Every structure is written in structure tokens, then in C-alpha cells.
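Some notes on the structure that comes next.
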Amino acid sequence: MHPDRIFEAFPAPSYRGNQEQALRDIRDAFQAGNDVVLVRAPTGSGKSLLARAVAGCARTVDEAEPSEATGAYYTTPQVSQLDDVAGDDLLQDLNIIRGKSNYTCILPGELDTPVNQAPCVRERGYDCSVQHRCPYFSDRAIASNRSIAAMTLAYFMQTAGSEVFRKRDVVVIDEAHGLSEWAEMYATIQLGPRTVPFWDDLRVPEVDSVERAARYAEALAQRCTSRKDDLLAQETLTPGDVRERDRLQELIGELEFFVKDYRDPESPTTWLVDQGDADGGGGVGSSGSNNSDDGGDGEPQGGPLTIKPMDPERYLRYTVWDRGNKFALLSATILNKDAFCRHVGLEPSRVALVDVGHTFPVENRPLYDVTQGKMTYEHREETLPKIARTIVRIMQNHPDEKGLIHAHSYAIQDELESLLTDFGVGDRVRSHSRDDRDADLEAWKASSDPDVFLSVKMEEALDLKGDLCRWQVLCKAPFLNTSDSRVAHRLEQGQWAWYYRAALRTVIQACGRVIRAPDDYGSTYIADSSLLDLFERARTDMPDWFAAQVDRLEEPDLPAFEPRAASDCHARSRSDGDGRGSSGNDGKSDTSSTDAGTAYTRTRDTGRTNSGSSRGRRSRSRSPLADVWDTDG
């Protein structure tokens with residue numbers, strides 16, 4: 001790596017904000033001999049441009065010996081972030097490769113067939129005459145031979161050990177704050193009817209220990225191998241057969257990794273096992289009928305299994321750390337360097353932390369206290385109707401501006417939508433389903449109406465700049481589910497600081513959704529009183545720039561509860577027909593952006609009317625990350 005090239009590798013014609021200082025600090029950190037540099041850069045820092053500059057420092061083929069690694073990888077866990085890179089003219093030399101399922105075959109009669117089900121994977125010995133023009137193989141060839149290959153973290157991890165994507169000199173991971181959690185998710189093995197193709201043919205034992213799970217995994221891997229070999233022996237496969245074959249191969253790898261890691265006394269990984277009921281229910285470690293996995297009688301039968309790793313250092317070593325010589329990890333929310341290093345298997349003494357200052361005025365990103373009580377399960381029935389009434393008053397306070405509600409779960413989303421409809425403001429409320437997240441979000445963003453969007457798990461990877469959204473509500477402190485065995489295990493070990501850091505990280509990410517530039521502005525309302533407790537408990541892990549927001553937390557002067565006033569603006573907007581709202585000035589602000597929030601006082605629920613709300617500008621942004629977490633609770 002040549003850190004001194006970082007300035008010439010910066011792709012923009014000029015610097016903005018703190019970019020020049022950030023490049024200098026990153027260069028110095030690498031030159032000091034650090035293998036890994038953590039770059040804590042808040043929203044608006046231009047992390048992708050910084051990432052490109054670091055990647056440009058990689059050793060080139062002309063500078064290297066044949067055995068030395070060259071070039072760079074750029075990877076991110078968020079699909080939307082990769083989409084943004086693809087659409088950025090300054091980042092055109094990041095050559096993007098995606099998984100086969102994202103490409104379609106170009107053969108006649110196969111134009112609707114994804115490449116992972118094309119004839120080349122269905123027919124044994126198939127010689128494709130147009131593989132050189134295949135969009136997948138073309139992108140793969142380009143990415144593998146150019147100096148910077150860009151891909152999602154999932155694809156990056158899946159290609160570990162690949163002859164095509166070998167070790168490179170530099171690896172840059174954007175949005176890296178959740179690296180440990182992503183690795184845990186990718187390394188988790190789900191054994192059930194949706195993940196094991198021949199689940200109905202299996203007899204699953206009751207698993208009462210990790211050792212018992214390992215023995216069962218060994219037996220299951222053998223059965224998967226036999227079934228896969230039967231498929232490989234066929235001359236032609238159906239698309240369904242291809243999906244089964246590929247899933248079996250993936251499952252074999254997962255099971256063998258688990259068994260090998262568990263059997264290794266040197267492994268730092270702790271494995272946990274959850275089991276559902278034999279009838280498919282949600283119990284853990286419960287028993288069912290008296291059949292066993294080997295066909296014998298007398299042994300209780302269990303249900304679906306989930307085998308989970310804790311802090312999968314070895315998995316990350318193989319899939320990430322062995323893939324490069326030097327690493328840059330960028331995020332706004334790497335809150336504690338030593339804790340982060342501990343969870344991802346890095347030696348802190350070989351890691352440097354570079355802090356990039358925030359350039360957004362704190363007065364443009366106010367936090368408001370509208371807490372109505374706790375949103376824990378036992379208090380939710382009492383608190384949620386109060387929050388719904390408060391949301392109506394906030395809608396009145398922002399009559400011509402779009403709002404985002406972070407509902408945290410689909411159960412809360414459904415209840416809020418019902419309450420807001422009962423209050424008479426349903427015509428201004430939108431929501432999304434599990435299957436149509438992106439489509440529903442894009443429809444809301446494209447609308448010129450001041451609608452409110454009830455979202456679930458959209459705290460990250462969502463760019464709502466300008467008039468796309470001017471205010472948002474955090475309905476529930478995003479604490480991890482304590483019924484999850486990994487969370488429970490850590491809390492039993494007293495890892496409460498980790499627990500609060502995880503929630504704080506999500507809050508900080510959420511606060512960044514509605515303000516995306518120094519001249520942008522947006523208000524965030526805190527509705528769950530547990531968030532105030534979180535701010536106190538996690539204070540020492542707050543970045544200074546977010547602590548400044550928390551220090552200015554105040555109670556707003558909201559209008560008295562009048563649902564008709566909250567709903568009338570929607571009808572007014574529709575009657576205007578041009579998306580300008582009632583101001584008649586093309587949606588432009590009639591107050592300075594730096595005045596955002598100045599009409600508020602520390603008075604709660606007085607019924608007094610706010611002096612007005614601001615206006616802004618509208619633009620489009622990319623879809624968020626797919627919903628990958630359990631959001632039923």
C-alpha cells in the first residue's frame with residue numbers, strides 16, 4: 001500500500017467539509033504502521049469518496065512481485081449503498097459485481113431466466129456460445145481484472161477462497177459498524193422446512209446441547225452430500241433442481257464449518273443452539289413425538305434448529321481479514337474502538353481510529369422530547385395510544401411537510417396505523433408491507449403530498465434529503481430482543497455496555513435519515529421515555545457531535561390535538577395539484593434553514609399553536625436495505 005497517494009486518488013475536483021483533513025489523518029494512520037484504520041465519519045462526510053481515495057492507494061500490478069497482492073476491494077453490507085456507488089459519476093472506476101441472481105441470461109428463450117438458473121447451470125457439460133457476452137461473467141471478468149472491485153459484503157464473504165477474487169492489497173468496508181452482527185447472521189445456520197430441501201424426510205432429534213447439534217450436523221451434511229451427488233449425476237436439471245443443488249452445496253459448507261470450528265479447541269467462537277417444537281412451533285429445546293433422527297424409537301423428536309455463533313472471529317478471519325493486507329473501515333457509528341475490535345477479532349494495538357468532524361449545524365438537526373411513557377411490552381398498550389395522539393399533533397405542526405415514523409416492528413406499525421385512522425388522519429398516512437418495502441417507500445417519496453410514512457427497520461441506508469422528509473418520530477428505543485439467545489447470553493455475562501451501544505448506534509443512524517447536507521434540516525421527535533434513559537447510560541460512547549444534539553434536547557410547543565387540522569393540509573395539497581403546498585412559492589423555504597426548530601419552547605402539551613413550519617426542496621434517493629431482521633415483536 002502507498003498511503004502517500006491518497007490525495008491524488010481522491011476522485012472529486014475539490015474538497016468539502018473536513019475531507020482534506022480526513023485524508024491527511026487516514027494517510028498518517030497507515031504510515032504509522034497500522035493494518036486497520038477505522039474512519040468514524042458522520043452523515044455528509046462523503047464516505048464513499050474517502051473510500052475511493054483509500055482504495056487508490058493499493059499497490060498496482062506494475063509495482064508488485066508476482067506473488068504479491070495488488071488492487072483493492074470496496075464492499076458494503078447495504079445493497080442501496082452499492083446502488084449509490086453505481087450511480088455516482090465520481091466513482092465510475094469502482095467495477096461492480098453482483099450475485100448471479102441479479103443478472104438475466106441472454107440466450108434465446110431464456111431472457112427471463114436469472115443466470116443462476118440458466119442452461120449453463122442446468123445442463124451437465126453445457127458449452128455456452130455467448131458466455132463472453134453474458135452480463136454476469138462479463139462483470140465478473142471486469143471486476144476481477146481491474147484495480148478496484150466493488151461488491152456487497154455478502155458476495156465478498158461468499159467468494160472467500162475463490163480463484164477469481166483472490167487476496168488484494170487493500171480492502172475498504174463502508175458502513176462497517178455492524179460487521180460483527182452481519183458476520184453472525186451470515187454464519188448462522190437455519191435448519192427448517194424453508195432452508196433444508198428435504199426437511200419433511202428428516203427425523204430431527206431433540207437437541208439439548210451444542211455437542212448433540214454437532215453430531216446431528218455431521219449426519220445431515222452426509223445426507224446433503226449424497227442428495228447433491230444424485231443431482232449432479234443427472235444430465236439435465238430443472239430450475240427447481242438447480243435451486244436445490246445450490247442450496248445443498250451452501251448448506252454442506254455451513255454445516256462443515258460449524259462442526260470444524262466447534263471441534264477445534266483453539267477456536268474463540270461460542271456456539272448457541274435454539275430449537276423449535278417438532279410441530280413447527282416456536283418453542284426452544286422442546287420435545288415432540290418419539291421418533292429419532294436415525295429411525296430408532298424412544299428418542300424424542302425435535303423441531304427446526306438455529307445454530308448461532310457468538311463473535312465469529314474465525315469466520316471473519318477466513319471471509320474478511322485473510323482477503324487483504326490493509327483495511328479501512330468506515331462508518332458514522334463505530335462507537336467504541338476497543339469493543340468493536342474485540343467483537344470482530346482485531347488486535348486494537350494494530351488498529352487506528354480517525355474521527356472526522358461533523359459539518360452539519362447542530363441547530364439544523366434538533367431533537368425534541370415528546371416522550372409519553374415506556375414502550376416496553378408490558379407498557380405498550382398504555383403508551384402507544386398516547387404516542388399516536390402526539391403524532392397527530394406533530395402532523396399539525398408540520399402541515400405541509402412529509403414525516404417518517406420509525407415504528408420498530410410490524411406489530412407497532414399496524415397498531416399505529418389503526419389508531420391514526422381512528423383519529424381521522426388516515427388519509428395522510430402510508431405504510432409498507434414486508435414484501436413491498438421498496439415499492440411503497442418509493443411511492444411515498446415520489447408523492448408531492450405531505451404524507452406520513454410508517455416504517456419498520458429503516459433506520460439505516462435511507463437518504464431523505466430536502467423535502468423528501470422534514471421530521472421523524474422514534475416510537476421505541478431500539479433495544480435488541482432479550483429473548484434472542486445471543487443477546488441473553490451476552491447479558492448473562494454482564495455485557496450491558498454492548499447492549500446500550502447497539503441501541504444507541506441504531507438511534508444515531510436513524511437521526512441521520514432526514515438531514516443529509518450542511519444546508520439541510522430536519523427534526524427528530526423522541527416518543528419513548530426509555531430513549532432518555534439510553535442517552536444517560538450510553539453517554540460515554542456518544543460521538544461529540546451527537547452529544548451536542550442530546551444536550552440541546554427540548555420539549556416542543558405543539559398545537560392542541562385537532563385531527564382535522566392535521567388532515568386538512570392533505571386535502572389542500574391534493575387540490576393544489578402541483579405539490580407546492582399552501583405557501584404558493586414553489587415549495588421554497590419562507591424561513592432560513594438555520595431557523596429550524598427556533599419556534600419551540602420547553603413546554604409540553606399546552607395546546608398553544610406553533611408559529612409555523614419550514615419549507616425545503618425535493619429530490620430522489622435509493623431504496624433501503626432489505627428487511628433482514630425479525631420484526632414481529
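Labels for the C-alpha cells follow display order: chains A, B, ..., residues from 1 in each chain, ligands from 1.
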
Problem - Contacts of range 212-216 of chain A at 12 Å (only C-alpha atoms; same-chain gap of 2+ positions) as a ChimeraX atom specification - result: /A:189,191,202-210,218-223,254-263,271-275,285,292-294,302,304-308

Problem - 7 Å contact set for range 160-171 of chain A, only C-alpha atoms, chain neighbours under 6 positions out, as a ChimeraX atom specification - result: /A:1,55,58-59,69-74,144,318-319,323-328

Store the residues of this selection in a file with C-alpha atoms, as a CSV table (one decimal), in the first residue's frame.
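So the final result, stored in selection-v2.csv, reads:
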```
chain,number,residue,atom,x,y,z
A,1,MET,CA,0.0,0.0,0.0
A,55,ALA,CA,-8.6,2.1,-2.5
A,58,ALA,CA,-3.3,0.0,-3.3
A,59,ARG,CA,-0.2,-1.5,-4.9
A,69,ALA,CA,-1.4,-8.9,-3.7
A,70,THR,CA,-2.4,-5.9,-5.8
A,71,GLY,CA,-5.5,-3.8,-6.2
A,72,ALA,CA,-8.4,-3.1,-3.9
A,73,TYR,CA,-11.9,-4.3,-2.8
A,74,TYR,CA,-14.7,-2.0,-1.9
A,144,SER,CA,-11.6,-9.4,-11.2
A,318,TYR,CA,-11.5,-16.5,6.6
A,319,THR,CA,-14.1,-14.4,4.9
A,323,ARG,CA,-8.6,-11.2,2.0
A,324,GLY,CA,-6.3,-8.1,2.2
A,325,ASN,CA,-3.1,-6.6,3.6
A,326,LYS,CA,-4.6,-3.3,4.8
A,327,PHE,CA,-8.1,-2.4,5.7
A,328,ALA,CA,-10.1,0.8,6.0
```

Practice task
Give the strand (DSSP E or B) residues of range 85-114 of chain A, as DSSP finds them on the backbone, and put them as a PyMOL selection string.
Solution key: chain A and resi 95-96+104+114

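The smallest atom-to-atom distance between Tyr521 in chain A and any of A:Leu367, A:Leu346, A:Met458, A:Ile387, using only C-alpha atoms, is found for A:Leu367.
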
Exercise for the section: May I have all residues of range 350-592 of chain A that DSSP, computed from the backbone, assigns to alpha helix (DSSP H), given as a VMD selection string? Expected result: chain A and resid 377 to 397 410 to 422 437 to 446 485 to 492 496 to 511 530 to 537 544 to 551 563 to 576

Handout entry: Contact residues around Asp28 in chain A with only C-alpha atoms at 10 Å, ignoring same-chain residues under 6 positions, as an MDAnalysis selection string
Key = chainID A and resid 3:4 22 34 352 354

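Residues surrounding range 474-477 of chain A within 6 Å are Met375, His406, Ala407, Ile526, Ala527, Asp528 and Leu531 of chain A [only C-alpha atoms; sequence separation below 6 positions excluded].
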
Could you take the residues named above and write them with all heavy atoms, as a CSV table (one decimal), in the first residue's frame?
```csv
chain,number,residue,atom,x,y,z
A,375,MET,N,-42.2,2.1,26.1
A,375,MET,CA,-42.8,1.3,25.1
A,375,MET,C,-42.3,-0.2,25.2
A,375,MET,O,-42.3,-1.0,24.3
A,375,MET,CB,-42.3,1.8,23.7
A,375,MET,CG,-43.2,2.9,23.2
A,375,MET,SD,-44.9,2.4,22.8
A,375,MET,CE,-44.5,1.5,21.2
A,406,HIS,N,-40.6,5.9,12.8
A,406,HIS,CA,-39.9,4.6,13.0
A,406,HIS,C,-40.7,3.8,13.9
A,406,HIS,O,-40.6,4.0,15.2
A,406,HIS,CB,-38.5,4.9,13.5
A,406,HIS,CG,-37.6,5.7,12.6
A,406,HIS,ND1,-37.0,5.0,11.5
A,406,HIS,CD2,-37.2,7.0,12.5
A,406,HIS,CE1,-36.2,5.9,10.8
A,406,HIS,NE2,-36.4,7.1,11.4
A,407,ALA,N,-41.4,2.8,13.4
A,407,ALA,CA,-42.3,2.0,14.2
A,407,ALA,C,-41.6,0.9,15.0
A,407,ALA,O,-42.2,0.3,15.9
A,407,ALA,CB,-43.5,1.5,13.4
A,526,ILE,N,-38.6,12.3,20.0
A,526,ILE,CA,-38.3,11.1,20.8
A,526,ILE,C,-39.6,10.8,21.6
A,526,ILE,O,-40.0,11.6,22.4
A,526,ILE,CB,-37.2,11.4,21.8
A,526,ILE,CG1,-35.9,11.8,21.1
A,526,ILE,CG2,-36.9,10.2,22.7
A,526,ILE,CD1,-35.4,10.8,20.1
A,527,ALA,N,-40.3,9.7,21.3
A,527,ALA,CA,-41.6,9.4,21.9
A,527,ALA,C,-41.5,8.4,23.1
A,527,ALA,O,-42.4,8.3,23.9
A,527,ALA,CB,-42.5,8.9,20.9
A,528,ASP,N,-40.5,7.5,23.1
A,528,ASP,CA,-40.4,6.5,24.1
A,528,ASP,C,-39.4,7.0,25.3
A,528,ASP,O,-38.3,7.4,25.0
A,528,ASP,CB,-39.8,5.2,23.5
A,528,ASP,CG,-39.6,4.1,24.4
A,528,ASP,OD1,-39.9,4.2,25.6
A,528,ASP,OD2,-39.0,3.0,24.0
A,531,LEU,N,-35.7,6.0,25.7
A,531,LEU,CA,-34.7,6.6,25.0
A,531,LEU,C,-33.9,7.6,25.8
A,531,LEU,O,-32.7,7.8,25.7
A,531,LEU,CB,-35.2,7.3,23.7
A,531,LEU,CG,-35.6,6.4,22.6
A,531,LEU,CD1,-36.5,7.1,21.6
A,531,LEU,CD2,-34.4,5.8,21.9
```

Per residue of range 344-409 of chain A within 8 Å of range 38-51 of chain A, what are the shortest atom pair and its distance in Å to one decimal, counting only C-alpha atoms, with rows by chain and residue number, as a tab-separated table?
```
residue	atom	partner	partner_atom	distance
A:Val351	CA	A:Leu38	CA	7.2
A:Ala352	CA	A:Leu38	CA	6.0
A:Leu353	CA	A:Leu38	CA	4.7
A:Val354	CA	A:Val39	CA	4.8
A:Asp355	CA	A:Arg40	CA	5.0
A:Val356	CA	A:Ala41	CA	4.9
A:Gly357	CA	A:Ala41	CA	7.2
A:His358	CA	A:Pro42	CA	6.0
A:Thr359	CA	A:Gly44	CA	7.6
A:Phe360	CA	A:Gly44	CA	7.8
```

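Between CA of Gln81 in chain A and CA of Glu459 in chain A the interatomic distance comes to 13.9 Å.
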
Exercise for the section: Just give me the gap between CA of Gly33 in chain A and CA of Arg5 in chain A in Å, one decimal is fine. Expected result: 15.7 Å

Handout entry: Which of A:Leu82, A:Ala560, A:Val362, A:Val121 sits closest to Pro518 in chain A [using only C-alpha atoms]
Key = A:Val362

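Closest approach to Glu313 in chain A among A:Gly426, A:Pro543, A:Pro268, A:Pro348 is made by A:Pro268 (distances from only C-alpha atoms).
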
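Checking A:Phe479, A:Tyr315, A:Tyr525, A:Tyr499 one by one against Arg393 in chain A, counting only C-alpha atoms, you find the shortest gap at A:Tyr525.
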